$ cat start_6.csv   # CSV, C-alpha atoms and all ligand atoms
chain,number,residue,atom,x,y,z
Y,1,MET,CA,0.0,0.0,0.0
Y,2,ARG,CA,1.6,3.3,-1.1
Y,3,VAL,CA,0.7,6.5,0.6
Y,4,ARG,CA,0.9,10.3,0.1
Y,5,ARG,CA,-0.1,13.4,2.0
Y,6,CYS,CA,-3.3,15.1,1.3
Y,7,ALA,CA,-3.1,18.0,-1.2
Y,8,VAL,CA,-3.8,20.8,1.3
Y,9,THR,CA,-3.1,21.0,5.0
Y,10,TYR,CA,-2.0,23.7,7.4
Y,11,ILE,CA,-0.4,23.1,10.7
Y,12,GLU,CA,-1.0,25.5,13.6
Y,13,PRO,CA,1.1,25.5,16.8
Y,14,ARG,CA,-1.6,26.3,19.4
Y,15,GLU,CA,-1.0,27.3,23.0
Y,16,HIS,CA,-3.4,26.5,25.8
Y,17,ALA,CA,-3.1,28.4,29.1
Y,18,GLU,CA,-4.8,26.7,32.0
Y,19,PHE,CA,-5.2,27.7,35.6
Y,20,ASP,CA,-2.9,25.7,37.9
Y,21,LEU,CA,-3.2,26.1,41.7
Y,22,GLY,CA,0.3,24.4,42.2
Y,23,SER,CA,1.9,27.1,40.1
Y,24,LEU,CA,0.1,29.8,42.1
Y,25,LEU,CA,1.1,28.3,45.4
Y,26,ALA,CA,4.7,28.0,44.2
Y,27,GLY,CA,4.7,31.8,43.6
Y,28,GLY,CA,4.2,31.5,39.8
Y,29,GLY,CA,1.5,33.2,37.7
Y,30,GLY,CA,-1.1,30.5,38.3
Y,31,ALA,CA,-1.2,29.3,34.6
Y,32,VAL,CA,0.4,26.4,32.9
Y,33,ARG,CA,0.9,26.6,29.2
Y,34,ARG,CA,0.6,23.6,26.9
Y,35,GLN,CA,1.5,23.5,23.2
Y,36,GLU,CA,-0.5,21.5,20.7
Y,37,TRP,CA,-0.1,20.9,17.0
Y,38,ILE,CA,-3.4,21.3,15.1
Y,39,ALA,CA,-3.8,20.2,11.5
Y,40,HIS,CA,-6.4,22.0,9.3
Y,41,ALA,CA,-7.4,20.6,6.0
Y,42,PRO,CA,-10.3,21.8,3.8
Y,43,HIS,CA,-11.5,18.2,2.9
Y,44,LEU,CA,-11.9,17.2,6.6
Y,45,PRO,CA,-14.9,18.0,8.7
Y,46,GLY,CA,-12.8,19.5,11.6
Y,47,GLU,CA,-9.4,20.1,12.9
Y,48,VAL,CA,-7.1,17.2,14.0
Y,49,VAL,CA,-4.8,17.3,17.1
Y,50,LEU,CA,-1.4,15.9,16.2
Y,51,ASP,CA,1.7,15.0,18.2
Y,52,ILE,CA,5.1,16.1,16.9
Y,53,ALA,CA,5.9,12.6,15.5
Y,54,GLU,CA,2.7,12.9,13.4
Y,55,VAL,CA,3.7,16.4,12.2
Y,56,GLU,CA,7.1,15.1,11.3
Y,57,CYS,CA,5.7,12.2,9.4
Y,58,LEU,CA,3.3,14.5,7.4
Y,59,GLY,CA,6.2,16.7,6.6
Y,60,ARG,CA,8.2,13.9,5.1
Y,61,LEU,CA,5.4,12.8,2.7
Y,62,SER,CA,4.9,14.3,-0.7
Y,63,PRO,CA,1.4,15.5,-1.6
Y,64,ARG,CA,2.0,14.3,-5.2
Y,65,GLU,CA,4.2,11.1,-5.2
Y,66,TRP,CA,2.9,7.9,-3.8
Y,67,VAL,CA,5.6,6.2,-1.7
Y,68,GLU,CA,6.1,3.0,0.2
Y,69,PRO,CA,5.6,3.5,4.0
Y,70,GLY,CA,9.0,1.8,4.5
Y,71,ILE,CA,10.9,4.9,3.4
Y,72,LEU,CA,9.6,6.7,6.5
Y,73,GLY,CA,11.6,4.5,8.8
Y,74,ALA,CA,10.6,5.0,12.4
Y,75,ALA,CA,8.2,7.9,11.5
Y,76,SER,CA,5.9,5.3,9.9
Y,77,THR,CA,4.4,4.5,13.3
Y,78,ALA,CA,2.4,7.7,13.0
Y,79,LEU,CA,0.8,6.5,9.7
Y,80,PRO,CA,-2.3,4.6,11.1
Y,81,LYS,CA,-3.7,7.7,12.8
Y,82,LEU,CA,-2.9,10.0,9.8
Y,83,LEU,CA,-4.5,7.5,7.4
Y,84,GLU,CA,-7.6,7.2,9.7
Y,85,CYS,CA,-8.2,10.9,9.9
Y,86,GLY,CA,-7.6,11.5,6.2
Y,87,LEU,CA,-4.4,13.6,6.3
Y,88,VAL,CA,-2.6,10.8,4.6
Y,89,LEU,CA,-4.2,8.9,1.7
Y,90,ALA,CA,-3.7,5.3,0.6
Y,91,GLU,CA,-3.3,4.7,-3.1
Y,92,ASP,CA,-5.9,2.0,-3.1
Y,93,GLY,CA,-8.3,3.9,-0.9
Y,94,ALA,CA,-11.3,6.0,-1.9
Y,95,GLY,CA,-10.2,9.5,-2.5
Y,96,GLY,CA,-13.5,11.1,-1.6
Y,97,GLY,CA,-13.5,14.8,-0.8
Y,98,GLU,CA,-9.7,15.0,-1.0
Y,99,ALA,CA,-9.7,13.8,-4.6
Y,100,LYS,CA,-12.4,16.3,-5.5
Y,101,LEU,CA,-10.4,19.1,-3.9
Y,102,ARG,CA,-7.3,18.0,-5.8
Y,103,ASP,CA,-9.2,18.1,-9.1
Y,104,SER,CA,-10.7,21.5,-8.4
Y,105,HIS,CA,-9.1,24.9,-8.9
Y,106,TRP,CA,-9.5,26.2,-5.3
Y,107,TRP,CA,-6.7,28.5,-4.1
Y,108,PRO,CA,-5.7,26.5,-1.0
Y,109,PRO,CA,-5.9,29.3,1.7
Y,110,ALA,CA,-9.4,30.2,0.4
Y,111,ALA,CA,-10.5,26.5,0.6
Y,112,MET,CA,-9.3,26.5,4.1
Y,113,LEU,CA,-11.1,29.7,5.0
Y,114,HIS,CA,-14.3,28.5,3.4
Y,115,ARG,CA,-14.3,25.2,5.2
Y,116,ALA,CA,-13.3,26.6,8.6
Y,117,SER,CA,-15.9,29.4,8.6
Y,118,ARG,CA,-18.9,27.0,8.1
Y,119,TRP,CA,-21.2,26.2,11.1
Y,120,ARG,CA,-23.3,23.2,12.0
Y,121,GLY,CA,-26.0,23.3,14.7
Y,122,CYS,CA,-24.9,26.6,16.0
Y,123,ASP,CA,-27.4,28.8,17.9
Y,124,ALA,CA,-25.9,32.2,17.2
Y,125,ALA,CA,-28.9,34.0,18.7
Y,126,ALA,CA,-28.6,32.3,22.1
Y,127,ALA,CA,-24.8,32.8,22.1
Y,128,THR,CA,-25.2,36.5,21.3
Y,129,GLU,CA,-27.8,37.0,24.0
Y,130,ALA,CA,-25.7,35.0,26.6
Y,131,ALA,CA,-22.7,37.2,25.9
Y,132,GLY,CA,-24.8,40.3,26.4
Y,133,LEU,CA,-24.2,41.4,22.8
Y,134,ALA,CA,-27.8,41.5,21.5
Y,135,THR,CA,-28.3,45.2,22.0
Y,136,ALA,CA,-26.3,48.4,21.2
Y,137,GLU,CA,-26.0,49.1,24.9
Y,138,GLY,CA,-24.8,45.6,25.6
Y,139,LEU,CA,-22.2,45.8,22.9
Y,140,ARG,CA,-20.9,49.1,24.4
Y,141,SER,CA,-20.8,47.9,28.0
Y,142,ASN,CA,-19.2,44.5,27.2
Y,143,LEU,CA,-16.9,45.5,24.4
Y,144,GLY,CA,-16.0,49.1,25.3
Y,145,SER,CA,-16.3,51.8,22.7
Y,146,PRO,CA,-16.1,50.9,19.0
Y,147,PRO,CA,-13.7,52.6,16.5
Y,148,PRO,CA,-15.3,55.8,15.4
Y,149,ALA,CA,-18.1,55.7,12.9
Y,150,VAL,CA,-16.3,58.0,10.5
Y,151,VAL,CA,-12.8,59.3,10.2
Y,152,ALA,CA,-11.5,62.7,9.1
Y,153,ARG,CA,-8.4,62.9,6.9
Y,154,ALA,CA,-8.3,66.7,6.5
Y,155,SER,CA,-9.1,69.7,8.6
Y,156,PRO,CA,-12.8,70.9,8.4
Y,157,ASP,CA,-11.7,74.0,6.5
Y,158,ASP,CA,-10.0,71.9,3.8
Y,159,ARG,CA,-13.1,69.8,3.0
Y,160,VAL,CA,-14.8,70.2,-0.3
Y,161,PRO,CA,-18.6,70.1,0.2
Y,162,LEU,CA,-20.5,68.1,-2.4
Y,163,PRO,CA,-23.9,68.8,-3.8
Y,164,ARG,CA,-26.7,66.6,-2.5
Y,165,ALA,CA,-29.0,64.4,-4.7
Y,166,ALA,CA,-32.1,66.2,-5.8
Y,167,GLY,CA,-34.3,63.7,-3.9
Y,168,ALA,CA,-35.7,61.3,-6.5
Y,169,GLY,CA,-37.5,58.0,-6.1
Y,170,PHE,CA,-34.2,56.2,-5.7
Y,171,ASP,CA,-33.4,58.2,-2.6
Y,172,GLU,CA,-36.7,57.3,-1.1
Y,173,LEU,CA,-36.1,53.6,-1.9
Y,174,LEU,CA,-32.7,53.7,-0.2
Y,175,LYS,CA,-34.3,55.3,2.9
Y,176,ARG,CA,-37.0,52.7,3.1
Y,177,ARG,CA,-34.5,49.8,3.0
Y,178,ALA,CA,-34.2,48.4,6.5
Y,179,THR,CA,-33.4,44.8,7.6
Y,180,CYS,CA,-36.7,43.2,8.5
Y,181,ARG,CA,-36.9,41.2,11.7
Y,182,ASN,CA,-40.7,41.2,12.0
Y,183,PHE,CA,-42.4,39.2,9.3
Y,184,ALA,CA,-46.2,39.0,9.1
Y,185,SER,CA,-48.0,35.7,8.8
Y,186,ARG,CA,-49.5,37.0,5.5
Y,187,PRO,CA,-48.6,34.8,2.6
Y,188,LEU,CA,-46.8,36.1,-0.5
Y,189,SER,CA,-48.5,35.9,-3.8
Y,190,ALA,CA,-46.9,33.9,-6.6
Y,191,GLU,CA,-46.7,37.2,-8.6
Y,192,VAL,CA,-44.6,38.9,-5.9
Y,193,LEU,CA,-42.4,35.9,-5.5
Y,194,GLY,CA,-41.9,35.8,-9.3
Y,195,ALA,CA,-41.1,39.5,-9.5
Y,196,MET,CA,-38.5,39.1,-6.7
Y,197,MET,CA,-36.8,36.1,-8.4
Y,198,GLN,CA,-36.9,37.8,-11.8
Y,199,ARG,CA,-35.3,41.0,-10.5
Y,200,VAL,CA,-32.7,39.5,-8.3
Y,201,PHE,CA,-31.7,36.1,-9.7
Y,202,SER,CA,-32.9,35.6,-13.2
Y,203,ALA,CA,-30.9,35.8,-16.4
Y,204,GLN,CA,-31.9,38.9,-18.3
Y,205,GLU,CA,-29.9,38.1,-21.5
Y,206,ILE,CA,-28.2,34.9,-22.7
Y,207,TRP,CA,-24.9,35.1,-24.6
Y,208,GLN,CA,-24.1,31.7,-26.3
Y,209,VAL,CA,-20.4,31.7,-27.3
Y,210,GLU,CA,-20.3,28.1,-28.2
Y,211,ASP,CA,-22.7,25.2,-27.7
Y,212,ASP,CA,-21.1,24.5,-24.4
Y,213,THR,CA,-20.2,28.0,-23.4
Y,214,VAL,CA,-22.9,30.4,-22.2
Y,215,PHE,CA,-22.7,33.7,-20.3
Y,216,LEU,CA,-25.6,35.4,-18.6
Y,217,LYS,CA,-26.5,39.0,-18.0
Y,218,LYS,CA,-28.2,39.6,-14.7
Y,219,GLY,CA,-29.3,42.6,-12.6
Y,220,SER,CA,-26.2,42.4,-10.3
Y,221,PRO,CA,-22.6,42.4,-11.4
Y,222,SER,CA,-20.5,39.3,-11.1
Y,223,GLY,CA,-16.7,38.7,-11.2
Y,224,GLY,CA,-15.7,37.6,-14.6
Y,225,GLY,CA,-19.4,37.7,-15.7
Y,226,LEU,CA,-19.7,34.1,-14.6
Y,227,HIS,CA,-22.7,34.4,-12.2
Y,228,PRO,CA,-21.8,31.3,-10.3
Y,229,THR,CA,-24.3,31.7,-7.5
Y,230,GLU,CA,-27.5,29.6,-7.4
Y,231,ALA,CA,-30.6,30.4,-5.5
Y,232,TYR,CA,-32.2,27.7,-3.4
Y,233,LEU,CA,-35.5,28.6,-1.7
Y,234,ILE,CA,-37.0,27.6,1.6
Y,235,VAL,CA,-40.6,28.4,0.8
Y,236,GLN,CA,-42.8,28.5,3.9
Y,237,ASN,CA,-45.7,30.8,3.0
Y,238,VAL,CA,-46.5,31.5,-0.7
Y,239,GLU,CA,-50.0,31.2,-2.1
Y,240,GLY,CA,-50.5,28.2,-4.4
Y,241,LEU,CA,-47.0,26.9,-3.8
Y,242,ALA,CA,-46.4,23.8,-1.6
Y,243,PRO,CA,-44.0,24.6,1.3
Y,244,GLY,CA,-40.7,23.0,0.7
Y,245,LEU,CA,-37.2,23.3,-0.8
Y,246,TYR,CA,-36.8,24.6,-4.4
Y,247,HIS,CA,-34.0,25.4,-6.8
Y,248,TYR,CA,-34.5,28.4,-9.0
Y,249,HIS,CA,-33.7,27.9,-12.7
Y,250,ALA,CA,-32.3,31.3,-13.7
Y,251,ILE,CA,-32.9,30.9,-17.5
Y,252,GLU,CA,-36.4,29.3,-17.3
Y,253,HIS,CA,-37.5,31.5,-14.5
Y,254,ALA,CA,-39.0,28.5,-12.8
Y,255,LEU,CA,-38.8,26.7,-9.5
Y,256,GLU,CA,-37.5,23.1,-9.3
Y,257,PRO,CA,-38.9,21.1,-6.4
Y,258,MET,CA,-36.2,19.4,-4.3
Y,259,PRO,CA,-36.6,16.5,-1.9
Y,260,ALA,CA,-38.3,17.3,1.4
Y,261,PRO,CA,-35.9,17.8,4.4
Y,262,GLU,CA,-35.7,15.1,7.0
Y,263,ASP,CA,-36.8,17.5,9.7
Y,264,SER,CA,-39.8,19.8,9.4
Y,265,LEU,CA,-39.4,22.8,7.2
Y,266,GLU,CA,-39.8,25.1,10.2
Y,267,GLU,CA,-37.1,23.4,12.1
Y,268,LEU,CA,-34.8,23.5,9.1
Y,269,ALA,CA,-35.5,27.2,8.6
Y,270,LEU,CA,-34.7,28.0,12.3
Y,271,ARG,CA,-31.6,25.9,12.2
Y,272,THR,CA,-30.4,27.4,9.0
Y,273,VAL,CA,-30.6,31.0,10.4
Y,274,ALA,CA,-28.7,29.7,13.5
Y,275,GLY,CA,-31.5,30.2,15.9
Y,276,GLN,CA,-32.3,33.8,14.8
Y,277,TYR,CA,-36.0,33.4,15.5
Y,278,TRP,CA,-36.7,36.9,14.1
Y,279,PHE,CA,-35.9,35.7,10.6
Y,280,ALA,CA,-37.2,32.1,10.9
Y,281,ASN,CA,-40.8,32.7,9.7
Y,282,ALA,CA,-39.9,34.6,6.6
Y,283,PRO,CA,-42.3,33.4,3.9
Y,284,VAL,CA,-39.3,32.9,1.5
Y,285,MET,CA,-35.7,32.4,2.3
Y,286,VAL,CA,-33.0,32.2,-0.4
Y,287,ALA,CA,-29.8,30.2,0.3
Y,288,MET,CA,-27.2,31.7,-2.1
Y,289,ALA,CA,-24.9,28.9,-3.0
Y,290,THR,CA,-21.9,29.5,-5.2
Y,291,ARG,CA,-20.8,26.9,-7.8
Y,292,PHE,CA,-17.1,27.5,-7.2
Y,293,GLY,CA,-16.2,25.5,-10.3
Y,294,ARG,CA,-17.9,28.0,-12.6
Y,295,CYS,CA,-15.8,30.9,-11.1
Y,296,PHE,CA,-12.6,28.9,-10.7
Y,297,TRP,CA,-12.9,27.7,-14.3
Y,298,LYS,CA,-11.6,31.1,-15.3
Y,299,TYR,CA,-9.8,32.1,-12.0
Y,300,ARG,CA,-7.8,28.9,-11.4
Y,301,ARG,CA,-6.1,28.8,-7.9
Y,302,HIS,CA,-6.5,32.5,-8.0
Y,303,PRO,CA,-6.0,34.5,-4.8
Y,304,LYS,CA,-8.9,36.9,-5.7
Y,305,ALA,CA,-11.4,34.3,-6.8
Y,306,TYR,CA,-13.0,33.6,-3.4
Y,307,ARG,CA,-13.1,37.3,-2.7
Y,308,ALA,CA,-14.9,37.8,-6.0
Y,309,VAL,CA,-17.6,35.2,-5.3
Y,310,THR,CA,-18.1,36.7,-1.8
Y,311,MET,CA,-18.6,40.1,-3.4
Y,312,ASP,CA,-21.0,38.6,-5.9
Y,313,VAL,CA,-23.2,37.4,-3.1
Y,314,GLY,CA,-23.0,40.8,-1.5
Y,315,HIS,CA,-24.3,42.4,-4.7
Y,316,LEU,CA,-27.1,39.9,-4.9
Y,317,SER,CA,-28.0,40.7,-1.3
Y,318,GLN,CA,-28.3,44.4,-2.0
Y,319,THR,CA,-30.4,43.8,-5.1
Y,320,LEU,CA,-32.6,41.5,-3.0
Y,321,TYR,CA,-33.0,44.3,-0.4
Y,322,LEU,CA,-33.8,46.9,-3.0
Y,323,ALA,CA,-36.2,44.7,-5.0
Y,324,ALA,CA,-38.1,43.8,-1.9
Y,325,THR,CA,-38.2,47.4,-0.7
Y,326,ASP,CA,-39.5,48.5,-4.0
Y,327,LEU,CA,-42.4,46.0,-3.7
Y,328,GLY,CA,-43.2,47.1,-0.2
Y,329,LEU,CA,-41.7,44.0,1.3
Y,330,GLY,CA,-39.3,43.5,4.2
Y,331,ALA,CA,-36.0,41.7,3.5
Y,332,PHE,CA,-32.9,40.5,5.3
Y,333,VAL,CA,-29.6,39.0,4.6
Y,334,THR,CA,-27.3,37.0,7.0
Y,335,CYS,CA,-24.2,35.0,7.0
Y,336,ALA,CA,-24.7,33.9,10.6
Y,337,ILE,CA,-26.1,30.6,9.2
Y,338,ASN,CA,-25.5,26.9,9.7
Y,339,GLU,CA,-24.2,26.3,6.2
Y,340,ALA,CA,-23.5,22.6,6.9
Y,341,ASP,CA,-27.1,21.9,7.9
Y,342,ILE,CA,-28.7,23.6,4.9
Y,343,GLU,CA,-26.2,22.2,2.5
Y,344,GLU,CA,-26.9,18.7,3.8
Y,345,ALA,CA,-30.7,19.3,3.3
Y,346,LEU,CA,-30.0,20.5,-0.3
Y,347,GLY,CA,-27.5,17.7,-1.0
Y,348,LEU,CA,-24.7,20.1,-1.8
Y,349,ASP,CA,-21.0,19.3,-1.4
Y,350,PRO,CA,-19.6,22.5,0.2
Y,351,LEU,CA,-16.3,22.6,-1.8
Y,352,GLU,CA,-18.3,22.3,-5.1
Y,353,GLU,CA,-21.3,24.4,-4.3
Y,354,GLY,CA,-21.3,26.2,-0.9
Y,355,VAL,CA,-24.0,28.3,0.7
Y,356,MET,CA,-22.3,31.7,1.3
Y,357,ALA,CA,-25.3,33.7,2.7
Y,358,LEU,CA,-29.0,33.6,3.1
Y,359,GLY,CA,-31.6,36.2,2.3
Y,360,GLY,CA,-35.3,36.3,3.0
Y,361,PHE,CA,-38.3,38.4,2.2
Y,362,GLY,CA,-42.0,38.8,3.0
Y,363,TRP,CA,-44.6,41.3,4.2
Y,364,ARG,CA,-43.6,43.1,7.4
Y,365,GLY,CA,-45.7,42.7,10.5
Y,366,ASP,CA,-47.6,45.5,12.2
Y,367,LEU,CA,-45.6,45.4,15.4
Y,368,MET,CA,-41.9,45.8,15.9
Y,369,ASN,CA,-41.4,42.9,18.4
Y,370,ASN,CA,-37.8,42.5,17.3
Y,371,ALA,CA,-35.5,45.6,16.9
Y,372,GLU,CA,-35.0,47.0,13.5
Y,373,PHE,CA,-32.7,49.9,12.6
Y,374,ASP,CA,-34.9,52.7,11.5
Y,375,PRO,CA,-33.8,55.8,13.5
Y,376,ALA,CA,-35.6,58.3,11.2
Y,377,GLY,CA,-38.9,56.3,11.1
Y,378,HIS,CA,-38.9,55.7,7.3
Y,379,VAL,CA,-40.3,52.3,7.8
Y,380,TRP,CA,-41.9,52.3,11.2
Y,381,ARG,CA,-43.7,55.7,11.3
Y,382,THR,CA,-45.0,56.5,14.7
K,1,LIG,C1,-23.3,40.4,5.6
K,1,LIG,C2,-24.4,40.8,6.5
K,1,LIG,C3,-24.7,39.9,7.6
K,1,LIG,C4,-25.8,40.2,8.4
K,1,LIG,N1,-26.1,39.3,9.4
K,1,LIG,C5,-27.1,39.6,10.2
K,1,LIG,C6,-27.5,38.6,11.2
K,1,LIG,O1,-26.9,37.6,11.4
K,1,LIG,N2,-28.6,38.9,12.0
K,1,LIG,C7,-29.3,40.1,11.8
K,1,LIG,O2,-30.3,40.2,12.6
K,1,LIG,N3,-28.9,41.0,10.9
K,1,LIG,C8,-27.9,40.7,10.1
K,1,LIG,N4,-27.6,41.6,9.1
K,1,LIG,C9,-28.3,42.9,9.0
K,1,LIG,C10,-27.5,44.0,9.7
K,1,LIG,O3,-27.6,43.8,11.1
K,1,LIG,C11,-28.1,45.3,9.3
K,1,LIG,O4,-27.8,45.5,7.9
K,1,LIG,C12,-27.5,46.5,10.1
K,1,LIG,O5,-27.9,46.4,11.4
K,1,LIG,C13,-28.0,47.8,9.5
K,1,LIG,O6,-29.4,47.9,9.5
K,1,LIG,P1,-30.2,48.1,8.1
K,1,LIG,O7,-29.9,46.9,7.2
K,1,LIG,O8,-31.6,48.1,8.5
K,1,LIG,O9,-29.7,49.4,7.6
K,1,LIG,C14,-26.5,41.4,8.2
K,1,LIG,C15,-26.2,42.2,7.2
K,1,LIG,C16,-25.2,41.9,6.3
K,1,LIG,C17,-24.9,42.8,5.2

$ encode --input "start_6.csv" --output "structure tokens"
Amino acid sequence: MRVRRCAVTYIEPREHAEFDLGSLLAGGGGAVRRQEWIAHAPHLPGEVVLDIAEVECLGRLSPREWVEPGILGAASTALPKLLECGLVLAEDGAGGGEAKLRDSHWWPPAAMLHRASRWRGCDAAAATEAAGLATAEGLRSNLGSPPPAVVARASPDDRVPLPRAAGAGFDELLKRRATCRNFASRPLSAEVLGAMMQRVFSAQEIWQVEDDTVFLKKGSPSGGGLHPTEAYLIVQNVEGLAPGLYHYHAIEHALEPMPAPEDSLEELALRTVAGQYWFANAPVMVAMATRFGRCFWKYRRHPKAYRAVTMDVGHLSQTLYLAATDLGLGAFVTCAINEADIEEALGLDPLEEGVMALGGFGWRGDLMNNAEFDPAGHVWRT
């Protein structure tokens, strides 16, 4: 059985400081420090704690060439654990996620970031509340004062005042855009859902370069014009549409039903937004999932590619906010989501097609039970 190291791994020396009474009684600082080696790899579900012999063994293996374990000498004793956790691969084994990563065009640090920043089963709402960070006052008292809201780079006398916009409909639209955390139980009509999807996610033009090479024009810009981000819907409350999971076909402007989740849709919705109950009853949620292969087809192992797809999703988010506001709806976007849970429900492999953010929209309720940020009362007129 020949072996090689996985294609991408990063080793972190991590220090743990623990309270130690003995150290305190002996006149020390009361803390003992322990060093650990942690391996991170994008194809693994989590980090792996290694000892120095295992680190040494990994360092002696090639990520490309298959070798007989015998060449490792004494270091080969570390192999069983490294093989079991997936940091080392056997030539006759199933490559799985590692093989897919190897065949993809991920820039390795971006693959690592993408994998490490995903959540599963996290209750961000409870954690934020427990830390006292759910309100502006709590943030201030627990974290101290933030960096200033604006900075000055010249003295006031040197500033060049700019004319203000004349005050057109667009300005009113921008003023009425506010993240909605209070959805009504009123269903959305199919017409409103259709208008939203058309304006935010549909192809407006199709440019066929070759039979197998198509570029789309959409309402938001996209790095390289590739539009790699798909829209998957959690539909909870739309007239005439069965609640469930759907994929949006951006050329056909149609919904494609997907298999029902194992849990109830309500549970999946709440888990997807990481316990943020103020979003969970949105009539429609849209998981924005990027097909990395489409972007990395052009930007191969490119240090800017992941930044570009992240920005793409940001543009889609703002278009979603503005399209919703224009229709009189409330909308939100969040990246505090359990990507792993929603990807599993949608059957997505996160290194091929990963959920980057989640938006939602629906009619706003009459009461502001959960705080919204509308200091001038453009949305919540008193
Ligand atoms: C990338 C991003 C992530 C966000 N995540 C959350 C979130 O997890 N929970 C939430 O309640 N709002 C979230 N928001 C909304 C912001 O809190 C909101 O935009 C901000 O408070 C300003 O309010 P406004 O959108 O009404 O102007 C997010 C917004 C963005 C752009």

$ closest_residue --input "start_6.csv" --among "Y:Gly132, Y:Pro69, Y:Gly121, Y:Pro221" --to "Glu344 of chain Y" --atoms "all atoms listed in the file"
Y:Gly121

$ residues_around --input "start_6.csv" --residues "Gly73 of chain Y" --least-positions-apart "4" --cutoff "12 Å" --atoms "all atoms listed in the file" --output "number ranges by chain"
Y: 53, 56-57, 60, 68-69, 77-79

$ closest_residue --input "start_6.csv" --among "Y:Leu316, Y:Leu89, Y:Val209, Y:Ala242" --to "ligand LIG 1 (chain K)" --atoms "all atoms listed in the file"
Y:Leu316

$ residues_around --input "start_6.csv" --residues "segment 1-14 of chain Y" --least-positions-apart "2" --cutoff "7 Å" --atoms "all atoms listed in the file" --output "list in words"
His16, Gln35, Glu36, Trp37, Ile38, Ala39, His40, Ala41, Leu58, Leu61, Ser62, Pro63, Arg64, Glu65, Trp66, Val67, Glu68, Pro69, Leu87, Val88, Leu89, Ala90, Glu91, Asp92, Glu98, Arg102 and Pro108 of chain Y

$ residues_around --input "start_6.csv" --residues "Leu216 of chain Y" --least-positions-apart "3" --cutoff "8 Å" --atoms "all atoms listed in the file" --output "list in words"
Ala203, Gln204, Glu205, Ile206, Trp207, Gly225, Leu226 and His227 of chain Y

$ closest_residue --input "start_6.csv" --among "Y:Leu143, Y:Ala134, Y:Val160, Y:Ala305" --to "ligand LIG 1 (chain K)" --atoms "all atoms listed in the file"
Y:Ala134

$ closest_atom_pairs --input "start_6.csv" --of "chain Y" --to "ligand LIG 1 (chain K)" --cutoff "9 Å" --atoms "all atoms listed in the file" --output "tab-separated table"
residue	atom	partner	partner_atom	distance
Y:Ala124	CA	K:LIG1	O1	8.0
Y:Ala125	CA	K:LIG1	N2	8.3
Y:Lys175	CA	K:LIG1	O9	8.8
Y:Arg176	CA	K:LIG1	O8	8.9
Y:Arg177	CA	K:LIG1	O8	6.4
Y:Ala178	CA	K:LIG1	O8	3.3
Y:Thr179	CA	K:LIG1	O8	3.9
Y:Cys180	CA	K:LIG1	O8	7.1
Y:Arg181	CA	K:LIG1	O2	6.7
Y:Val273	CA	K:LIG1	O1	7.6
Y:Ala274	CA	K:LIG1	O1	8.4
Y:Gln276	CA	K:LIG1	N2	6.9
Y:Trp278	CA	K:LIG1	O2	7.4
Y:Phe279	CA	K:LIG1	O2	7.5
Y:Gly314	CA	K:LIG1	C1	7.1
Y:Ser317	CA	K:LIG1	C17	7.5
Y:Gln318	CA	K:LIG1	C17	8.1
Y:Tyr321	CA	K:LIG1	O7	8.6
Y:Ala331	CA	K:LIG1	O7	8.8
Y:Phe332	CA	K:LIG1	C9	6.4
Y:Val333	CA	K:LIG1	C14	5.3
Y:Thr334	CA	K:LIG1	N1	3.5
Y:Cys335	CA	K:LIG1	C3	5.0
Y:Ala336	CA	K:LIG1	O1	4.4
Y:Ile337	CA	K:LIG1	O1	7.4
Y:Ala357	CA	K:LIG1	C1	7.6
Y:Leu358	CA	K:LIG1	C3	8.9
Y:Ala371	CA	K:LIG1	O2	8.6
Y:Glu372	CA	K:LIG1	O8	6.1
Y:Phe373	CA	K:LIG1	O8	4.6
Y:Asp374	CA	K:LIG1	O8	6.4

$ residues_around --input "start_6.csv" --residues "Asp349 of chain Y" --least-positions-apart "5" --cutoff "12 Å" --atoms "only C-alpha atoms" --output "list in words"
His43, Pro45, Gly96, Gly97, Lys100, Leu101, Arg115, Ala289, Thr290, Arg291, Phe292, Gly293, Glu339, Ala340, Asp341, Ile342, Glu343, Glu344, Gly354 and Val355 of chain Y

$ closest_residue --input "start_6.csv" --among "Y:Gly30, Y:Pro161, Y:Gly275, Y:Gly360" --to "Arg120 of chain Y" --atoms "all atoms listed in the file"
Y:Gly275

$ residues_near_point --input "start_6.csv" --point "(-35.4, 30.6, -8.2)" --cutoff "12 Å" --atoms "all atoms listed in the file" --output "ChimeraX atom specification"
/Y:193-203,229-235,245-258,284-289

$ closest_residue --input "start_6.csv" --among "Y:Leu133, Y:Asp20, Y:Gly29, Y:Phe183" --to "Asn369 of chain Y" --atoms "only C-alpha atoms"
Y:Phe183

$ atom_distance --input "start_6.csv" --atom1 "atom CA of His105 of chain Y" --atom2 "atom CA of Phe296 of chain Y"
5.6 Å

$ residues_around --input "start_6.csv" --residues "segment 185-190 of chain Y" --least-positions-apart "6" --cutoff "9 Å" --atoms "all atoms listed in the file" --output "list of chain:residue names"
Y:Gln236, Y:Asn237, Y:Val238, Y:Glu239, Y:Gly240, Y:Leu241, Y:Asn281, Y:Ala282, Y:Pro283, Y:Val284, Y:Gly362, Y:Trp363, Y:Arg364, Y:Gly365

$ atom_distance --input "start_6.csv" --atom1 "atom CA of His302 of chain Y" --atom2 "atom CA of Leu320 of chain Y"
28.1 Å

$ atom_distance --input "start_6.csv" --atom1 "atom CA of Val48 of chain Y" --atom2 "atom CA of Asp123 of chain Y"
23.7 Å

$ closest_residue --input "start_6.csv" --among "Y:Ala126, Y:Ala74, Y:Leu83, Y:Ala111" --to "Leu351 of chain Y" --atoms "all atoms listed in the file"
Y:Ala111
